Amino acid sequence: MNKIIKWFLIIALFLGIFSALAYWYITKQFDNTKEIKSNFSVNTNIFNKEFEENDSLANLKYKNKTIELTGKIKEIKLTDSLAVVVLQSDSSEIDIICDFQTSSITEVKNLKVDSFTTIKGICSGMDNTKNTIETADDMSMLEDDDEGSMLDDIKTISMIRCTLKNYKK
Amino acid sequence: MKKVTLVLFAMSIFGTTTFAQIKKTTTASVAFDATTPTDDWPRATNNSVVCAINTKNGKIEFKLDINNFSFKDNNAKIKEHWLDPKCMNGAKFPNATFAGKITNPKAVNFKKDGVYNVTVSGNLKLHGVVKPLSTPATITVANGALTANAEFTLTSADFGVSHPGEGGGKVSKTPKLKIVATLK
């Protein structure tokens with residue numbers, strides 16, 4: 001009888017360890033951006049100029065890198081569940097869309113449009129693919145539309161998992 | 001001189017009207033929900049969606065980067081699965097796009113505040129596959145801005161997307177998408 005209990009306890013222990021490891025694996029989060037060492041610290045004027053001059057080269061340099069970006073705030077979108085800050089530069093039409101990580105949403109509430117700030121985040125790069133009006137084989141409603149895409153003159157660079165660089169509670 | 005002033009005034013009015021005809025945003029949100037009764041994890045949002053509406057002809061377009069979705073609790077593993085070549089293949093198909101029209105544009109008075117029910121039809125490109133899509137939506141006009149809301153369900157298999165979790169009931173085969181865009 002003691003032997004059965006002993007084996008039961010050993011199996012239960014292994015099952016417990018396996019479950020804990022599986023739970024850790026499945027729920028693994030991205031590192032808090034505040035704790036990640038930055039690869040670049042740059043202002044939006046220089047940053048946007050690099051993308052305007054050669055977006056492929058700038059994507060190679062910045063994409064998936066951690067960047068501290070200083071610039072003027074063009075727009076703030078803040079709700080209980082999301083915070084997005086759009087940064088701009090002096091002479092470029094490119095919007096830099098900074099989507100904040102969940103733990104940093106409340107940091108945005110004191111920011112003001114037209115003020116300057118430094119945002120740290122992971123750069124997703126600029127989408128430089130051509131905007132084409134795609135039409136399904138059995139859907140021809142847009143085929144006679146030769147106006148082109150309305151999105152052609154919108155240029156954006158995305159930053160994800162953002163946080164404020166010098167935020168103090 | 002008066003004629004020149006009048007022409008310049010008319011041109012400025014025309015220019016302003018033309019500019020305001022297309023409303024845009026770079027911060028629209030798309031929420032993706034493939035949760036099931038047994039798994040609450042596969043849901044994500046993308047808040048850097050580019051969207052434009054032409055108020056004259058009802059044309060609508062949006063575009064998003066698949067790589068910009070953030071999953072529940074900042075989950076890294078589910079995002080890794082999402083971008084995997086066996087699922088969305090974010091490296092090969094980084095964008096999802098929609099181009100369509102409001103089929104009943106006369107139902108909306110873009111110059112008058114109010115909530116308008118519309119139907120939007122067009123083409124959705126996802127995972128490199130283009131499919132027709134038609135969905136009810138609402139357009140709210142308030143203080144010169146438009147807020148467009150739409151919610152619809154997709155069938156993953158229609159776009160050639162599959163995930164091992166679908167078989168185990170952990171990922172829905174018919175995920176819901178919710179779009180909110182405030183355009184100015």
# chains A, B, ... in the order shown; residues from 1 in each chain; ligands from 1
call {"tool": "select_by_dssp", "arguments": {"residues": "region 30-147 of chain A", "states": "helix (DSSP H, G or I)", "output": "PyMOL selection string"}}
result
chain A and resi 33-35+44-53+55-62+102-110
call {"tool": "residues_around", "arguments": {"residues": "Asn149 (chain B)", "least_positions_apart": "4", "cutoff": "7 Å", "atoms": "only C-alpha atoms", "output": "list of chain:residue names"}}
result
B:Ala137, B:Thr138, B:Ile139, B:Ile179, B:Val180, B:Ala181
call {"tool": "interface_residues", "arguments": {"of": "chain B", "to": "chain A", "cutoff": "10 Å", "atoms": "only C-alpha atoms", "output": "PyMOL selection string"}}
result
chain B and resi 22-29+41+45-54+59-65+67-79+94-95+97-101+121-125+129-133
call {"tool": "residues_around", "arguments": {"residues": "region 60-73 of chain A", "least_positions_apart": "4", "cutoff": "8 Å", "atoms": "only C-alpha atoms", "output": "MDAnalysis selection string"}}
result
chainID A and resid 36:45 56 85:89 112:125 165
call {"tool": "atom_distance", "arguments": {"atom1": "CA of Ala150 (chain B)", "atom2": "CA of Gln21 (chain B)"}}
result
21.3 Å
call {"tool": "closest_residue", "arguments": {"among": "B:Pro175, B:Asn89, B:Thr140, B:Thr135", "to": "Leu154 (chain B)", "atoms": "only C-alpha atoms"}}
result
B:Pro175
call {"tool": "atom_distance", "arguments": {"atom1": "CA of Glu166 (chain B)", "atom2": "CA of Pro136 (chain B)"}}
result
27.1 Å
call {"tool": "residues_around", "arguments": {"residues": "Gly144 (chain B)", "least_positions_apart": "3", "cutoff": "12 Å", "atoms": "only C-alpha atoms", "output": "ChimeraX atom specification"}}
result
/B:20-23,55,109-114,140-141,147,182-184
call {"tool": "atom_distance", "arguments": {"atom1": "CA of Phe159 (chain B)", "atom2": "CA of Lys92 (chain B)"}}
result
14.2 Å
call {"tool": "residues_around", "arguments": {"residues": "Ser172 (chain B)", "least_positions_apart": "6", "cutoff": "6 Å", "atoms": "only C-alpha atoms", "output": "number ranges by chain"}}
result
B: 34-36, 166
call {"tool": "write_last_selection", "arguments": {"atoms": "N, CA, C and O atoms", "output": "compact mmCIF listing (two decimals), in the first residue's frame"}}
result
# COMPACT_ATOMS: atom_id res chain seq x y z
N ALA B 34 -10.23 35.23 -31.30
CA ALA B 34 -10.38 33.82 -31.69
C ALA B 34 -10.50 32.96 -30.44
O ALA B 34 -10.10 31.79 -30.42
N THR B 35 -11.04 33.56 -29.36
CA THR B 35 -11.18 32.81 -28.11
C THR B 35 -12.27 31.74 -28.24
O THR B 35 -13.15 31.83 -29.11
N THR B 36 -12.16 30.75 -27.39
CA THR B 36 -13.16 29.67 -27.35
C THR B 36 -13.54 29.47 -25.88
O THR B 36 -12.87 30.01 -24.98
N GLU B 166 -6.79 24.97 -33.48
CA GLU B 166 -8.19 24.91 -33.94
C GLU B 166 -8.77 23.50 -33.71
O GLU B 166 -9.92 23.36 -33.31
